[in-house]
There are 2 protein chains.
Amino acid sequence: MSEQTPSTGLQLRSLVTEEGQLKLLLKSAPVPEPGENDVVVRIEATPINPSDQATLIMPADVTTGETTGSGADTTYTASLRAGMEARVKPRIGKPLAIGNEGAGTVVKAGSSAAAQALLGKTVAVMDGALYCQYRKVNVMQCMTLNEGTSARDAASCFVNPLTALGFVETMRSEGFKAIIHTAAASNLGQMLNRICISDGIDLINIVRKQEQVDILKALGAKYICNSSDDSFMDDLTAAIEATGAYVAFDATGGGDLGSRILSCMERAALKDTELPGPYGSNTYKQLYIYGGLDMSPTIINRNFGFSWGVNAWLLTPFTQKVGMEKMLELRQRVANELQTTFASHYSDEISLTEALDKDIVAAYSQQATGRKFLINPSK
Amino acid sequence: MSEQTPSTGLQLRSLVTEEGQLKLLLKSAPVPEPGENDVVVRIEATPINPSDQATLIMPADVTTGETTGSGADTTYTASLRAGMEARVKPRIGKPLAIGNEGAGTVVKAGSSAAAQALLGKTVAVMDGALYCQYRKVNVMQCMTLNEGTSARDAASCFVNPLTALGFVETMRSEGFKAIIHTAAASNLGQMLNRICISDGIDLINIVRKQEQVDILKALGAKYICNSSDDSFMDDLTAAIEATGAYVAFDATGGGDLGSRILSCMERAALKDTELPGPYGSNTYKQLYIYGGLDMSPTIINRNFGFSWGVNAWLLTPFTQKVGMEKMLELRQRVANELQTTFASHYSDEISLTEALDKDIVAAYSQQATGRKFLINPSK
């Protein structure tokens, strides 16, 4: 290596205190030595995903946030949001590591051939503690990248790409033939749109603003329904009739959007039924909730017969269900199409210290603002 | 036959008119001739189940009900409930037959041996139009009964018994080991309680009144939780910890009872977890909604992790899924245990004409009153 690896590195931690505060702080720790099948990665790009926000900042009332100190002694402190006490109780006093995915350079490698082969390479990593400068991981957690792929390009190799591919696999394995997706202009939504175009799958994109309609139109999306339009229910029903999309993946979770989607599915399913029975159509309608952009309760109006399911969808159980072989196939596709299908875009690149700045915390703690943050711990 | 079969019989019909009224009326029709594999059954006992109420009376505002005429010319008329217009549109002008199950005497039989064998016998029938005096059905729709079983005993042979057995089969086939049931003091709930005691399955009975607790206690139920008690959530969590009941069958549908059940399941699942991750436990939690005693929206608070499903459960898809052989096995069990495990109780026995009386309609249109109506069309 051209640069000398230092003996210690900083790690970001999120701590809930007995006093009812959430603190973000930096901890200095020795750079670890790799075991036989391990490598040590200098993390250079790691995104802030909703799955990270949940542990990182969600319990905090960011309007009360203050930042003190500087450099490695920087500390962010905020009060807890009302009603969070019971939920955070198990984590009081435990400084939690965060960061589910990221990418960087392998600076140390264990003795095995697999580990040695990665030395000096840029790799993408799936883990749970990547908001740090140096992280030891097993070689199986690393995705090797094609020549010329930067850490920034590879920072979001796992969560969004595998989730989007997971939706398509779920659709196929459960016998559906088209997909409905909400919050469809997100990074994930844009990936799903590119996958579906490439694989010839009909995708109905649900968004809530005209500017999101425009983004998806420019990306070649065929079916876009704006939930703020008066004609939303009719538009969506017509799109379901045209595509046969009876499975939906919903990022919002709260409110009645999912219920309205199921109602439109039922209207489409009953289109040619002269006299529906009291239990509605036999067409099975599936809503998967995979996010919580809207934290309010899910409202299910049950005006869509008696053939339906509302289930949580999460990447980890999906990966366990489909098995190793399928996952390696999906990961290879991600590596091959990282600069096209699976390209991610970031509005802000910040350092570990900046991640503790009260204004920046306030910005990245908001989901669904259109801003997408990347941490570069080596900055 | 000792009595002569008349040439015509009465049939009850439910009609929604262009004028926005629901009418119940009696239609005189010829007693049909059986085909080779058919029998004609004189219906002597047919219950009013929630699945019948849906078509029979649910759209009507029974506070506006009036009854005119007498005998075969009796007519019941009520205004539609507010907001029902769209839902009933497909049935306007069509006098619908009702009655999913019942029992009576075979008075005519087709030429096949199977049909002839039933002549003069009391049989239970599953159909969709049994609120009538004479009904032609295929022999496959008939359950032959053991000696000494009356039509009244056999009136509810299908819907409740097969639903209760279906819950147990669903629990087994999906790998759960105990069951939670709401509205547990109902006829169906009492059957399920007897099945579970007999089969050695732990059942958590949820009710909402002390008198229902007492009913179930007298029937030997071990786990009973009263949702009106302040300690309900703690009681239910403790019962789930004791039994491992991670599948629930909910008759109410509306409100947040289902959500509270899922929360208690999660609390039980996390009992020994020191620090739960942001996505909660890996224990899969399943809520099946099989009724709509509460027609209001289902409120799902999503405070129970990301491993759960809320699905509609209905008898017909279940029977299709498990196949003919299993269904014949379940039907045989019902026939064998009709006066014990699958005994039904009725508060009121009424004639077809009485079923059109405005006070009686008002009484049987209410679900969950504790009253259970049986129609005897031969009365």
# chains A, B, ... in the order shown; residues from 1 in each chain; ligands from 1

$ calpha_fit_and_write --fixed "chain B" --moving "chain A" --output "short mmCIF file (atom, residue, chain, number, x, y, z; two decimals) with C-alpha atoms, in the first residue's frame"
data_model
loop_
_atom_site.label_atom_id
_atom_site.label_comp_id
_atom_site.auth_asym_id
_atom_site.auth_seq_id
_atom_site.Cartn_x
_atom_site.Cartn_y
_atom_site.Cartn_z
CA MET A 1 -93.05 -41.32 1.86
CA SER A 2 -95.92 -41.01 4.28
CA GLU A 3 -96.70 -37.41 3.29
CA GLN A 4 -97.39 -36.42 -0.29
CA THR A 5 -94.79 -33.96 -1.66
CA PRO A 6 -96.62 -30.86 -2.96
CA SER A 7 -96.05 -29.62 -6.49
CA THR A 8 -94.73 -26.19 -5.45
CA GLY A 9 -92.64 -24.77 -2.63
CA LEU A 10 -91.66 -21.36 -1.28
CA GLN A 11 -88.21 -19.84 -1.65
CA LEU A 12 -86.92 -16.78 0.23
CA ARG A 13 -85.32 -14.08 -1.92
CA SER A 14 -83.41 -10.88 -1.12
CA LEU A 15 -83.88 -8.13 -3.68
CA VAL A 16 -82.33 -4.66 -3.99
CA THR A 17 -84.52 -2.35 -6.03
CA GLU A 18 -83.74 0.61 -8.30
CA GLU A 19 -85.51 2.75 -5.68
CA GLY A 20 -82.81 2.03 -3.08
CA GLN A 21 -84.72 -0.50 -1.01
CA LEU A 22 -83.94 -4.01 0.12
CA LYS A 23 -86.91 -6.39 0.00
CA LEU A 24 -87.24 -9.90 1.40
CA LEU A 25 -89.98 -11.89 -0.30
CA LEU A 26 -91.23 -15.40 -0.90
CA LYS A 27 -91.41 -16.89 -4.35
CA SER A 28 -93.46 -19.94 -5.22
CA ALA A 29 -91.71 -22.37 -7.55
CA PRO A 30 -92.35 -25.92 -8.77
CA VAL A 31 -90.69 -28.63 -6.70
CA PRO A 32 -87.92 -29.76 -9.09
CA GLU A 33 -87.45 -33.22 -10.54
CA PRO A 34 -84.08 -34.80 -9.65
CA GLY A 35 -81.56 -35.78 -12.33
CA GLU A 36 -79.79 -39.15 -12.17
CA ASN A 37 -77.38 -38.15 -9.38
CA ASP A 38 -79.65 -35.64 -7.66
CA VAL A 39 -81.96 -35.74 -4.70
CA VAL A 40 -84.71 -33.32 -3.66
CA VAL A 41 -84.50 -32.38 0.02
CA ARG A 42 -87.35 -30.98 2.09
CA ILE A 43 -85.41 -28.39 4.11
CA GLU A 44 -86.30 -28.53 7.80
CA ALA A 45 -83.47 -26.61 9.45
CA THR A 46 -81.11 -23.98 8.03
CA PRO A 47 -79.15 -21.52 10.20
CA ILE A 48 -78.59 -17.80 9.63
CA ASN A 49 -74.80 -17.50 9.55
CA PRO A 50 -72.77 -14.30 9.05
CA SER A 51 -71.98 -15.60 5.54
CA ASP A 52 -75.74 -15.63 4.86
CA GLN A 53 -76.40 -12.28 6.51
CA ALA A 54 -74.01 -10.60 4.08
CA THR A 55 -76.35 -11.21 1.15
CA LEU A 56 -79.63 -11.54 3.05
CA ILE A 57 -79.82 -8.31 5.03
CA MET A 58 -76.47 -6.56 5.51
CA PRO A 59 -77.15 -3.72 3.00
CA ALA A 60 -80.44 -2.77 4.75
CA ASP A 61 -81.02 -0.18 7.43
CA VAL A 62 -83.24 -2.44 9.55
CA THR A 63 -84.47 0.45 11.68
CA THR A 64 -86.57 1.42 8.61
CA GLY A 65 -87.96 -2.11 8.11
CA GLU A 66 -91.70 -2.71 7.46
CA THR A 67 -93.54 -5.97 6.88
CA THR A 68 -96.68 -6.13 4.72
CA GLY A 69 -99.01 -8.90 3.53
CA SER A 70 -99.32 -12.35 5.05
CA GLY A 71 -98.52 -15.98 4.29
CA ALA A 72 -96.84 -16.47 0.93
CA ASP A 73 -97.48 -12.79 0.10
CA THR A 74 -95.50 -11.45 3.05
CA THR A 75 -92.94 -8.81 2.05
CA TYR A 76 -90.27 -7.09 4.13
CA THR A 77 -89.03 -3.69 2.92
CA ALA A 78 -86.23 -1.47 4.30
CA SER A 79 -84.13 1.42 3.03
CA LEU A 80 -80.48 0.79 2.20
CA ARG A 81 -77.86 1.82 4.71
CA ALA A 82 -75.96 4.98 3.78
CA GLY A 83 -72.95 4.36 1.56
CA MET A 84 -74.20 1.00 0.26
CA GLU A 85 -75.20 2.23 -3.20
CA ALA A 86 -71.99 1.35 -5.04
CA ARG A 87 -71.62 -2.00 -3.36
CA VAL A 88 -75.15 -3.25 -4.14
CA LYS A 89 -75.27 -1.91 -7.69
CA PRO A 90 -74.47 -5.27 -9.34
CA ARG A 91 -77.40 -6.97 -7.57
CA ILE A 92 -80.14 -4.43 -8.33
CA GLY A 93 -83.22 -6.10 -9.77
CA LYS A 94 -81.95 -9.64 -9.11
CA PRO A 95 -83.89 -11.56 -6.40
CA LEU A 96 -81.01 -13.49 -4.77
CA ALA A 97 -81.32 -16.89 -3.11
CA ILE A 98 -79.61 -17.41 0.27
CA GLY A 99 -78.77 -20.28 2.62
CA ASN A 100 -75.35 -21.93 2.60
CA GLU A 101 -76.15 -24.97 4.72
CA GLY A 102 -79.07 -26.86 6.13
CA ALA A 103 -80.62 -30.26 6.66
CA GLY A 104 -83.83 -32.10 5.90
CA THR A 105 -85.43 -35.21 4.46
CA VAL A 106 -84.80 -36.60 0.98
CA VAL A 107 -88.25 -36.77 -0.65
CA LYS A 108 -87.27 -37.55 -4.26
CA ALA A 109 -84.17 -39.27 -5.63
CA GLY A 110 -82.63 -39.76 -9.08
CA SER A 111 -82.06 -43.16 -10.64
CA SER A 112 -78.44 -43.71 -9.54
CA ALA A 113 -77.73 -46.05 -6.64
CA ALA A 114 -76.12 -43.24 -4.65
CA ALA A 115 -79.25 -41.10 -4.99
CA GLN A 116 -81.68 -43.94 -4.29
CA ALA A 117 -79.74 -44.84 -1.14
CA LEU A 118 -80.65 -41.46 0.34
CA LEU A 119 -84.41 -41.64 -0.23
CA GLY A 120 -86.24 -41.03 3.03
CA LYS A 121 -83.03 -40.25 4.90
CA THR A 122 -82.17 -37.11 6.85
CA VAL A 123 -79.19 -35.42 5.20
CA ALA A 124 -77.12 -32.28 5.71
CA VAL A 125 -76.57 -30.14 2.61
CA MET A 126 -74.08 -27.48 1.55
CA ASP A 127 -75.43 -25.20 -1.15
CA GLY A 128 -76.24 -21.52 -1.62
CA ALA A 129 -80.04 -21.41 -1.76
CA LEU A 130 -81.37 -23.44 1.17
CA TYR A 131 -83.79 -20.83 2.55
CA CYS A 132 -86.60 -22.68 0.76
CA GLN A 133 -88.96 -25.59 1.24
CA TYR A 134 -87.61 -27.98 -1.42
CA ARG A 135 -84.16 -27.95 -2.96
CA LYS A 136 -82.60 -30.15 -5.61
CA VAL A 137 -78.91 -30.94 -4.93
CA ASN A 138 -76.26 -33.35 -6.19
CA VAL A 139 -75.57 -36.32 -3.92
CA MET A 140 -71.99 -35.02 -3.44
CA GLN A 141 -73.42 -31.97 -1.65
CA CYS A 142 -75.07 -34.23 0.94
CA MET A 143 -73.58 -35.53 4.14
CA THR A 144 -75.27 -38.71 5.33
CA LEU A 145 -75.89 -38.69 9.04
CA ASN A 146 -75.67 -41.32 11.71
CA GLU A 147 -78.94 -42.93 12.95
CA GLY A 148 -80.98 -40.74 15.24
CA THR A 149 -79.57 -37.41 14.04
CA SER A 150 -82.34 -34.85 13.57
CA ALA A 151 -82.39 -32.12 10.91
CA ARG A 152 -82.00 -29.54 13.68
CA ASP A 153 -78.90 -31.35 14.97
CA ALA A 154 -77.46 -31.44 11.46
CA ALA A 155 -78.38 -27.93 10.28
CA SER A 156 -74.89 -26.49 10.87
CA CYS A 157 -72.77 -29.40 9.64
CA PHE A 158 -70.52 -27.49 7.29
CA VAL A 159 -69.69 -23.85 7.83
CA ASN A 160 -68.76 -23.73 11.52
CA PRO A 161 -67.42 -27.31 11.91
CA LEU A 162 -65.26 -27.18 8.79
CA THR A 163 -64.07 -23.66 9.60
CA ALA A 164 -63.02 -24.74 13.10
CA LEU A 165 -61.30 -27.84 11.73
CA GLY A 166 -59.79 -25.64 9.01
CA PHE A 167 -58.14 -23.43 11.64
CA VAL A 168 -56.50 -26.49 13.20
CA GLU A 169 -55.38 -27.83 9.81
CA THR A 170 -54.01 -24.40 8.87
CA MET A 171 -52.12 -24.20 12.15
CA ARG A 172 -50.57 -27.64 11.55
CA SER A 173 -49.73 -27.18 7.89
CA GLU A 174 -48.02 -23.84 8.54
CA GLY A 175 -45.93 -25.15 11.41
CA PHE A 176 -47.60 -23.34 14.30
CA LYS A 177 -48.29 -25.21 17.52
CA ALA A 178 -51.09 -23.32 19.24
CA ILE A 179 -53.95 -21.01 18.26
CA ILE A 180 -55.40 -17.66 19.32
CA HIS A 181 -59.10 -17.14 18.57
CA THR A 182 -61.26 -14.04 19.00
CA ALA A 183 -65.02 -13.88 19.61
CA ALA A 184 -64.21 -17.19 21.23
CA ALA A 185 -67.52 -17.80 23.02
CA SER A 186 -69.42 -18.07 19.70
CA ASN A 187 -70.85 -21.37 18.44
CA LEU A 188 -67.72 -21.65 16.28
CA GLY A 189 -65.48 -20.75 19.21
CA GLN A 190 -67.05 -23.38 21.41
CA MET A 191 -66.52 -25.99 18.69
CA LEU A 192 -62.89 -24.95 18.31
CA ASN A 193 -62.46 -25.17 22.08
CA ARG A 194 -63.81 -28.75 22.08
CA ILE A 195 -61.63 -29.75 19.09
CA CYS A 196 -58.50 -28.34 20.73
CA ILE A 197 -59.21 -30.03 24.07
CA SER A 198 -59.83 -33.31 22.27
CA ASP A 199 -56.71 -32.99 20.07
CA GLY A 200 -54.42 -31.68 22.82
CA ILE A 201 -53.84 -28.28 21.18
CA ASP A 202 -53.37 -25.14 23.27
CA LEU A 203 -56.03 -22.54 22.45
CA ILE A 204 -56.06 -18.95 23.69
CA ASN A 205 -59.67 -17.73 23.76
CA ILE A 206 -60.17 -13.97 23.48
CA VAL A 207 -63.57 -12.61 24.54
CA ARG A 208 -64.80 -9.18 25.62
CA LYS A 209 -67.24 -9.86 28.44
CA GLN A 210 -67.06 -11.64 31.79
CA GLU A 211 -70.13 -13.76 30.93
CA GLN A 212 -68.21 -15.10 27.91
CA VAL A 213 -65.26 -15.89 30.16
CA ASP A 214 -67.66 -17.87 32.34
CA ILE A 215 -69.12 -19.82 29.40
CA LEU A 216 -65.67 -20.89 28.23
CA LYS A 217 -64.47 -21.68 31.74
CA ALA A 218 -67.45 -24.00 32.18
CA LEU A 219 -66.43 -25.71 28.92
CA GLY A 220 -62.94 -26.42 30.27
CA ALA A 221 -61.03 -23.72 28.38
CA LYS A 222 -57.57 -23.21 29.88
CA TYR A 223 -56.52 -19.86 28.38
CA ILE A 224 -59.16 -17.11 28.34
CA CYS A 225 -58.25 -13.42 27.91
CA ASN A 226 -60.85 -10.69 28.28
CA SER A 227 -60.03 -7.77 25.97
CA SER A 228 -62.01 -5.43 28.27
CA ASP A 229 -59.64 -6.10 31.18
CA ASP A 230 -56.89 -3.57 31.90
CA SER A 231 -54.45 -6.46 32.11
CA PHE A 232 -55.44 -7.82 28.67
CA MET A 233 -52.09 -7.18 26.93
CA ASP A 234 -50.13 -8.71 29.82
CA ASP A 235 -52.52 -11.65 30.12
CA LEU A 236 -52.33 -12.38 26.41
CA THR A 237 -48.54 -12.03 26.28
CA ALA A 238 -48.20 -14.46 29.19
CA ALA A 239 -50.55 -16.94 27.49
CA ILE A 240 -48.53 -16.73 24.25
CA GLU A 241 -45.29 -17.28 26.18
CA ALA A 242 -46.86 -20.35 27.78
CA THR A 243 -48.26 -21.84 24.57
CA GLY A 244 -46.21 -20.54 21.63
CA ALA A 245 -49.39 -19.44 19.83
CA TYR A 246 -48.15 -17.35 16.89
CA VAL A 247 -51.21 -17.77 14.67
CA ALA A 248 -54.50 -15.99 15.40
CA PHE A 249 -57.94 -16.29 13.79
CA ASP A 250 -59.96 -13.13 14.17
CA ALA A 251 -63.71 -12.89 13.60
CA THR A 252 -63.94 -9.16 14.28
CA GLY A 253 -61.75 -7.76 11.48
CA GLY A 254 -62.17 -4.08 12.34
CA GLY A 255 -60.35 -1.95 14.89
CA ASP A 256 -56.98 -2.70 16.46
CA LEU A 257 -57.60 -6.03 18.20
CA GLY A 258 -55.62 -7.94 15.58
CA SER A 259 -52.76 -5.46 15.84
CA ARG A 260 -52.73 -5.80 19.63
CA ILE A 261 -52.57 -9.58 19.28
CA LEU A 262 -49.54 -9.25 16.97
CA SER A 263 -47.91 -6.87 19.48
CA CYS A 264 -48.36 -9.40 22.28
CA MET A 265 -46.90 -12.12 20.06
CA GLU A 266 -43.83 -9.94 19.46
CA ARG A 267 -43.45 -9.19 23.18
CA ALA A 268 -43.57 -12.92 23.88
CA ALA A 269 -41.12 -13.66 21.07
CA LEU A 270 -38.64 -11.07 22.37
CA LYS A 271 -38.88 -12.19 25.98
CA ASP A 272 -35.35 -13.57 26.08
CA THR A 273 -33.77 -11.12 23.62
CA GLU A 274 -31.53 -8.66 25.38
CA LEU A 275 -31.17 -6.18 22.52
CA PRO A 276 -33.70 -6.53 19.67
CA GLY A 277 -32.58 -5.22 16.27
CA PRO A 278 -34.55 -2.51 14.48
CA TYR A 279 -36.61 -5.14 12.67
CA GLY A 280 -37.71 -7.03 15.75
CA SER A 281 -37.84 -10.76 16.28
CA ASN A 282 -37.45 -13.45 13.63
CA THR A 283 -40.56 -15.20 14.92
CA TYR A 284 -43.19 -15.23 12.20
CA LYS A 285 -46.53 -13.91 13.45
CA GLN A 286 -49.72 -14.60 11.50
CA LEU A 287 -53.15 -12.99 11.86
CA TYR A 288 -56.02 -14.45 9.83
CA ILE A 289 -59.18 -12.36 9.49
CA TYR A 290 -62.13 -14.66 8.80
CA GLY A 291 -65.07 -12.43 9.69
CA GLY A 292 -66.26 -8.86 9.94
CA LEU A 293 -68.18 -8.52 13.21
CA ASP A 294 -66.62 -5.05 13.34
CA MET A 295 -67.06 -3.49 9.89
CA SER A 296 -64.73 -0.53 10.64
CA PRO A 297 -61.21 -0.44 9.11
CA THR A 298 -58.49 -2.73 10.41
CA ILE A 299 -55.88 -0.66 12.24
CA ILE A 300 -52.37 -2.14 12.10
CA ASN A 301 -49.89 -0.35 14.35
CA ARG A 302 -46.80 -2.19 13.02
CA ASN A 303 -45.04 -2.15 16.40
CA PHE A 304 -44.19 -5.84 16.16
CA GLY A 305 -41.16 -6.05 13.91
CA PHE A 306 -40.96 -7.12 10.31
CA SER A 307 -41.93 -10.77 10.39
CA TRP A 308 -45.70 -10.96 10.12
CA GLY A 309 -48.69 -11.45 7.87
CA VAL A 310 -52.33 -10.36 7.98
CA ASN A 311 -54.43 -12.45 5.62
CA ALA A 312 -58.07 -13.12 4.89
CA TRP A 313 -59.14 -16.68 5.71
CA LEU A 314 -62.18 -18.23 4.08
CA LEU A 315 -63.52 -21.78 4.04
CA THR A 316 -63.88 -22.24 0.27
CA PRO A 317 -60.24 -21.52 -0.69
CA PHE A 318 -59.15 -23.68 2.26
CA THR A 319 -61.22 -26.64 1.03
CA GLN A 320 -59.77 -26.21 -2.46
CA LYS A 321 -56.25 -26.10 -1.06
CA VAL A 322 -56.42 -29.21 1.12
CA GLY A 323 -58.17 -31.34 -1.52
CA MET A 324 -61.02 -33.83 -1.64
CA GLU A 325 -59.49 -36.64 0.42
CA LYS A 326 -58.77 -34.41 3.43
CA MET A 327 -62.20 -32.80 3.17
CA LEU A 328 -63.97 -36.18 3.21
CA GLU A 329 -61.93 -37.09 6.31
CA LEU A 330 -62.98 -33.86 8.01
CA ARG A 331 -66.64 -34.31 6.99
CA GLN A 332 -66.65 -37.82 8.43
CA ARG A 333 -65.32 -36.49 11.72
CA VAL A 334 -68.13 -33.92 11.78
CA ALA A 335 -70.77 -36.62 11.15
CA ASN A 336 -69.31 -38.81 13.91
CA GLU A 337 -69.13 -36.02 16.51
CA LEU A 338 -72.21 -34.03 15.57
CA GLN A 339 -73.89 -34.30 18.96
CA THR A 340 -70.69 -33.66 20.92
CA THR A 341 -67.79 -31.66 19.44
CA PHE A 342 -69.84 -30.07 16.69
CA ALA A 343 -73.12 -29.49 18.53
CA SER A 344 -74.73 -26.14 17.68
CA HIS A 345 -77.21 -24.24 19.81
CA TYR A 346 -80.00 -21.97 18.59
CA SER A 347 -81.91 -19.33 20.51
CA ASP A 348 -84.73 -18.96 17.99
CA GLU A 349 -86.41 -21.25 15.46
CA ILE A 350 -88.47 -19.38 12.87
CA SER A 351 -90.51 -20.15 9.74
CA LEU A 352 -89.83 -18.66 6.30
CA THR A 353 -92.69 -16.21 6.85
CA GLU A 354 -91.39 -15.21 10.28
CA ALA A 355 -87.99 -14.55 8.65
CA LEU A 356 -89.74 -11.58 6.95
CA ASP A 357 -91.18 -10.11 10.17
CA LYS A 358 -89.62 -6.71 10.84
CA ASP A 359 -88.88 -7.37 14.51
CA ILE A 360 -87.35 -10.75 13.79
CA VAL A 361 -85.29 -9.32 10.92
CA ALA A 362 -84.02 -6.61 13.26
CA ALA A 363 -82.97 -9.31 15.73
CA TYR A 364 -81.18 -11.67 13.34
CA SER A 365 -79.49 -8.87 11.40
CA GLN A 366 -77.36 -8.12 14.45
CA GLN A 367 -74.19 -10.15 14.68
CA ALA A 368 -72.65 -10.96 18.04
CA THR A 369 -75.77 -10.60 20.17
CA GLY A 370 -75.53 -14.11 21.54
CA ARG A 371 -78.77 -15.02 19.71
CA LYS A 372 -78.51 -17.59 16.95
CA PHE A 373 -81.40 -18.11 14.50
CA LEU A 374 -82.52 -21.29 12.75
CA ILE A 375 -85.03 -21.23 9.92
CA ASN A 376 -87.39 -24.20 9.60
CA PRO A 377 -88.97 -23.76 6.14
CA SER A 378 -91.26 -26.76 6.73
CA LYS A 379 -92.76 -25.20 9.83
#

$ select_by_dssp --residues "range 264-317 of chain B" --states "alpha helix (DSSP H)" --output "list in words"
Cys264, Met265, Glu266, Arg267, Ala268, Ala269, Leu315, Thr316 and Pro317 of chain B

$ write_last_selection --atoms "all heavy atoms" --output "short mmCIF file (atom, residue, chain, number, x, y, z; two decimals), in the first residue's frame"
data_model
loop_
_atom_site.label_atom_id
_atom_site.label_comp_id
_atom_site.auth_asym_id
_atom_site.auth_seq_id
_atom_site.Cartn_x
_atom_site.Cartn_y
_atom_site.Cartn_z
N CYS B 264 -48.63 -8.44 21.18
CA CYS B 264 -48.38 -9.38 22.29
C CYS B 264 -47.52 -10.55 21.82
O CYS B 264 -46.65 -11.02 22.56
CB CYS B 264 -49.71 -9.89 22.86
SG CYS B 264 -50.65 -8.62 23.71
N MET B 265 -47.77 -11.03 20.60
CA MET B 265 -46.93 -12.10 20.05
C MET B 265 -45.47 -11.64 20.02
O MET B 265 -44.56 -12.39 20.40
CB MET B 265 -47.37 -12.45 18.63
CG MET B 265 -48.67 -13.22 18.51
SD MET B 265 -49.01 -13.51 16.73
CE MET B 265 -50.54 -14.47 16.83
N GLU B 266 -45.24 -10.40 19.56
CA GLU B 266 -43.87 -9.90 19.46
C GLU B 266 -43.24 -9.76 20.85
O GLU B 266 -42.06 -10.10 21.03
CB GLU B 266 -43.88 -8.55 18.73
CG GLU B 266 -42.50 -7.92 18.54
CD GLU B 266 -41.61 -8.63 17.54
OE1 GLU B 266 -41.98 -9.71 17.03
OE2 GLU B 266 -40.51 -8.09 17.25
N ARG B 267 -44.03 -9.27 21.81
CA ARG B 267 -43.50 -9.16 23.18
C ARG B 267 -43.10 -10.53 23.71
O ARG B 267 -42.04 -10.68 24.34
CB ARG B 267 -44.53 -8.50 24.10
CG ARG B 267 -44.57 -6.99 23.95
CD ARG B 267 -45.78 -6.35 24.60
NE ARG B 267 -45.94 -6.70 26.00
CZ ARG B 267 -46.92 -6.22 26.78
NH1 ARG B 267 -47.81 -5.36 26.28
NH2 ARG B 267 -47.00 -6.58 28.04
N ALA B 268 -43.93 -11.53 23.43
CA ALA B 268 -43.60 -12.89 23.88
C ALA B 268 -42.35 -13.40 23.15
O ALA B 268 -41.46 -14.01 23.76
CB ALA B 268 -44.78 -13.82 23.64
N ALA B 269 -42.26 -13.11 21.86
CA ALA B 269 -41.13 -13.60 21.07
C ALA B 269 -39.81 -12.97 21.50
O ALA B 269 -38.76 -13.59 21.41
CB ALA B 269 -41.38 -13.33 19.58
N LEU B 315 -63.43 -20.33 4.10
CA LEU B 315 -63.55 -21.79 4.03
C LEU B 315 -63.34 -22.33 2.62
O LEU B 315 -62.62 -23.33 2.43
CB LEU B 315 -64.92 -22.22 4.57
CG LEU B 315 -65.19 -23.72 4.62
CD1 LEU B 315 -64.13 -24.46 5.41
CD2 LEU B 315 -66.59 -24.00 5.19
N THR B 316 -63.94 -21.69 1.62
CA THR B 316 -63.90 -22.26 0.26
C THR B 316 -62.47 -22.39 -0.28
O THR B 316 -62.09 -23.47 -0.73
CB THR B 316 -64.79 -21.43 -0.69
OG1 THR B 316 -66.08 -21.34 -0.10
CG2 THR B 316 -64.90 -22.10 -2.05
N PRO B 317 -61.65 -21.34 -0.23
CA PRO B 317 -60.26 -21.53 -0.70
C PRO B 317 -59.52 -22.58 0.12
O PRO B 317 -58.71 -23.33 -0.43
CB PRO B 317 -59.62 -20.15 -0.50
CG PRO B 317 -60.72 -19.20 -0.25
CD PRO B 317 -61.92 -19.96 0.16
#

$ select_by_dssp --residues "range 72-302 of chain A" --states "strand (DSSP E)" --output "PyMOL selection string"
chain A and resi 75-79+96-97+101-109+122-126+134-138+142-144+178-181+202-207+223-226+247-250+253-255+285-289+294-300
